[in-house]
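Worksheet: one structure, shown below.
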Amino acid sequence: MIKNYFKIAFRSLWRNKAFSFINIFGLAIGIATCLIITLFVKNELSYDRYNKKANQIVRVVFRADIDGQKIKEANVMPPVAKSLLADYPEVKQATRIQTGGQQFVSYGDKSFEENSFAFVDPNFFEVFTLPLIEGDAATALRQPNTIVITKAMAEKYFGNEDPLGKALKIKGAPTDFTVSGVINKVPDNSHFHFDFFASMENVPDAKSSSFMTSNYYTYLVLAKGYNYKKLQAKLPEYVNKYMGPQFEKGFGMTLAEYRKKGNNIGLYLQPLTDIHLHSDFTNDLSPEGDIRYVYIFSAIALFMLLIACINFMNLSTASASKRAREVGIRKVLGSLRSDLIRQFLTESIVLTAFALILAIVFVNLALPFFNQLSGKELSFNPGKNPWIAPALFTIVIITGVFAGSYPAFFLSSFKPVKVLKGKFTSVKKTIGIRSGLVVFQFFISIVLIIATTVVYRQLVYIQHIKLGYDKSQVIVLPQTYMLQNNQQAFYNKLKQDPRVENVSISGYIPAGASYGNNFFIYPGNNVTNVVKTLRYDVDYNYLNTLGMKMAYGRYFSDKFGTDSSAIILNQTAARALGWDKDALDKVVSRKDNSGKLTSYHVIGVVKDFHFKSMHELIAPLVMVLGNGAGSMIVKAKTKDMAGLLSAMKKSWATLSPEGPMNYSFLDERVQQTYAAEQKMGTLLAIFAGLTIFIACLGLFGLVTFSAEQRTKEIGIRKVLGASVTGIVELLSKDFLKLVLVAIVIATPVAWFAMNKWLQDFAYRINISWWFFVIAGGIAVLIALITITFQAIKAAIANPVASLRSE
């Protein structure tokens, strides 16, 4: 019996080749999209779950609300780990990471600049599941000047030699670091990625008792089954106990008094498995994901598959009259309705199996492009992903049954007496269901078109908004410290080059990785009115190099000896201090960790510029004359940028640097700030296009069938004088009505969804009415093209051929 089901299924698919192709191709695209997004979502949800203690580990983070400015930092103070471990028995282990920044590492004649360097506590490898393939995890980092490296780094520096006991030289370190362990690698789905783990015993500040500085990513291992929220509820009293006295000494008021002013400071806990998708902290260890994108792409995967299944339902029910007599004869010959249902479901599953084979081909072709676009390393390999095989089987069965269930029950319900008398006609209920499914298809398509339009316009807005500085032809040199004593000589050579407009020695860059220091200041000596700012250490050329403008007052000048104690505010800082347009010659003060008060006089206010992403409002910022040695910013004035860079590299090489010249362009750094949004926009555009394509495949099939069903009607109309335009309108108007209904339904849904997305930006566009007009126009145009092609073909057919049999 089953063999017979499959035989008939193959015959039916072959007999209706056009509809079978449309169904298989549409289903293949839907399944392929679903598979790729499933790989992406599974990868996003798997972050940090490789750790055996993943469900016990939490990270301590810092949150504050100061004068309406929200501060969210992923790192906390040096003594937090030790004091929490000592005071709370539910904390079983505590460990810390301090990033080492860029380090120059050498062994023998091999020297490389490394960007993945960290200092960690001795128990780090007992908390995180990173097994050592050489060395002992319990003792590897107990001693100072020890370091654990990855296998890739061991091969890079030592080749085939045994790395254990070898000494790596770190630039600036007084002693070499001995390799005490080797791990394979940090998994890709980790929220941190380092190749060098040096002992925290080498960091003097790690033993500090200060709660006024924070540079340590701190992790706690809680007791099994313990709810971290219980410990979090105890943290306010912990903050009062440890931070309170130091805060009062530093700011001249108690925490309670500070909170009465509407401010708040506190420590919070974040589950390890939430870090990648649920973080919004500054200075995190790696770019975060976004749970909203997981939801969006999961919905797209589901809708793509639904739309493909809807095509199957529509075409199957539309072509019901072709199989009506087959059903009638089968019933007369004794077939039960259950037999017919099994037959039609078998056909659906066979068709889905063909679609799956084609989908696997599509996945393998598209995955490299998707990886490049998303920055992932996803692999469609059943050997490495054992869940793939059962998932494919499940997709075939569920999709086949879902897509074929309604047609199966519909076709098997025909009455044999009526069918064999030729009285079968499609009932209005079925037409209504098909219409509803077409509306659903175009509803999803239009929502995606609107979403793509909004994302694109927001990105264009960001790229063209006035940043408050000139990002064009600005070269950033982040590691001029490698020139050591020759840094000034390199600076002088750049200044003498006619292709260089200006040079500033500073590491404070308004886009991308930058130096940054929190700077708490007071108006005058009023230490009860603290304002948190960011401090930029700049030189005399900083403003002109970046093309920033003064709102009023003046910039730093070497003609004024008192500028060493001067300060420049941005407009936001001036407003926060209560001075707005009257800040000149005012005095601001700050306290250091010892409580000593230092005063600065305001010489100017710089116009606000964007030094963070458009997701955040411009925050208070101050500029002071400081030692920015170690990095340079070069403003070029030439079209021959390649020639200038070549000359800079030659000058660099003649000054005996410790490494090659690295550089980046400021406009590219700005662009990279919004890389996640750009990727989302591109993926949305691709998925919107695929959704429309699949919807149009189904629409094309329905129009084709409609034209076939009305062949004789069209022939009679033509004989009676109907024009081609009239017949095209006849076949098109019903389908275009459905598209218009979809536009009406999709418009408010898309507006609500994209308005929520835009709320994540402090600076954003307004959603204009023409976004919806464009999206609706595109949908109508695409539908019209799809319909018209087949309608014209039917309209220009010779009516004699269609009426000859009458």
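Residue numbers start at 1 in each chain; chains themselves are named A, B, ... in the order of the structure tokens; ligands are numbered from 1 in the order shown.
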
According to DSSP computed on the backbone, where in range 148-254 of chain A is there helix (DSSP H, G or I)? Give the residues as a ChimeraX atom specification. /A:151-158,200-202,204-207,228-232,235-251

Would you kindly return, as a VMD selection string, each protein, DNA or RNA residue with an atom no farther than 8 Å from any atom of Pro657 in chain A, considering only C-alpha atoms and excluding same-chain residues fewer than 5 positions away? chain A and resid 482 to 484 652

Residue among A:Ala753, A:Ile170, A:Val221, A:Ile147 lying closest to Asn51 in chain A, counting only C-alpha atoms: A:Val221

Suppose you want the space between CA of Ala573 in chain A and CA of Ala619 in chain A; what is it in Å? 7.4 Å

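In terms of minimum interatomic distance to Asn766 in chain A, A:Val454 ranks closest within A:Val454, A:Ile29, A:Ala391, A:Ala206, counting only C-alpha atoms.
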
Find, counting only C-alpha atoms, the residue in A:Ile450, A:Val294, A:Leu597, A:Ala742 that gets nearest to Tyr522 in chain A. A:Leu597

Test item: residues at most 12 Å from Lys53 in chain A, only C-alpha atoms, excluding those fewer than 6 positions along its chain, as a ChimeraX atom specification: /A:92-93,125-130,219-225,271-273

Which neighbours of Leu373 in chain A fall inside 9 Å, counting only C-alpha atoms, when residues of the same chain fewer than 2 positions from it are skipped, and could you give them as a PDB file with C-alpha atoms, in the first residue's frame?
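Written out: result.pdb:
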```pdb
ATOM      1  CA  PRO A 368      29.843  31.342   3.101  1.00  0.00           C
ATOM      2  CA  PHE A 369      28.155  34.624   2.107  1.00  0.00           C
ATOM      3  CA  PHE A 370      26.032  34.614   5.271  1.00  0.00           C
ATOM      4  CA  ASN A 371      29.118  33.974   7.430  1.00  0.00           C
ATOM      5  CA  GLY A 375      30.833  37.599  11.103  1.00  0.00           C
ATOM      6  CA  LYS A 376      30.056  34.018  12.121  1.00  0.00           C
ATOM      7  CA  LYS A 679      24.358  43.892   8.777  1.00  0.00           C
ATOM      8  CA  THR A 682      21.417  43.985   4.554  1.00  0.00           C
ATOM      9  CA  LEU A 683      19.943  40.751   5.943  1.00  0.00           C
TER      10      LEU A 683
END
```

DSSP on the backbone, strand (DSSP E) only: what residues of range 508-611 of chain A does that give? Format it as an NGL selection string. :A and (517-523 or 531-538 or 550-553 or 566-570 or 587-591 or 597-606)

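Residue nearest Thr725 in chain A, chosen from A:Ala511, A:Phe62, A:Thr788, A:Phe443 and counting only C-alpha atoms: A:Thr788.
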
With a distance cut-off of 8 Å and only C-alpha atoms, select the neighbouring residues of Leu351 in chain A, excluding the residue or stretch itself and same-chain residues fewer than 6 positions from it, and output the selection as a ChimeraX atom specification. /A:13,20,23-24,400

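Excluding Tyr540 in chain A itself and any same-chain residue fewer than 3 positions from it, the protein and nucleic acid residues within 9 Å of it, counting only C-alpha atoms, are Ser504, Ile505, Leu543, Asn544, Tyr555, Phe556, Ser557, Asp558 and Leu625 of chain A.
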
Counting only C-alpha atoms, the residue among A:Gly643, A:Gly553, A:Gly101, A:Gly578 that lies closest to Pro523 in chain A is A:Gly578

May I ask for the distance between CA of Gly135 in chain A and CA of Val80 in chain A, given in Å to one decimal place? 29.0 Å
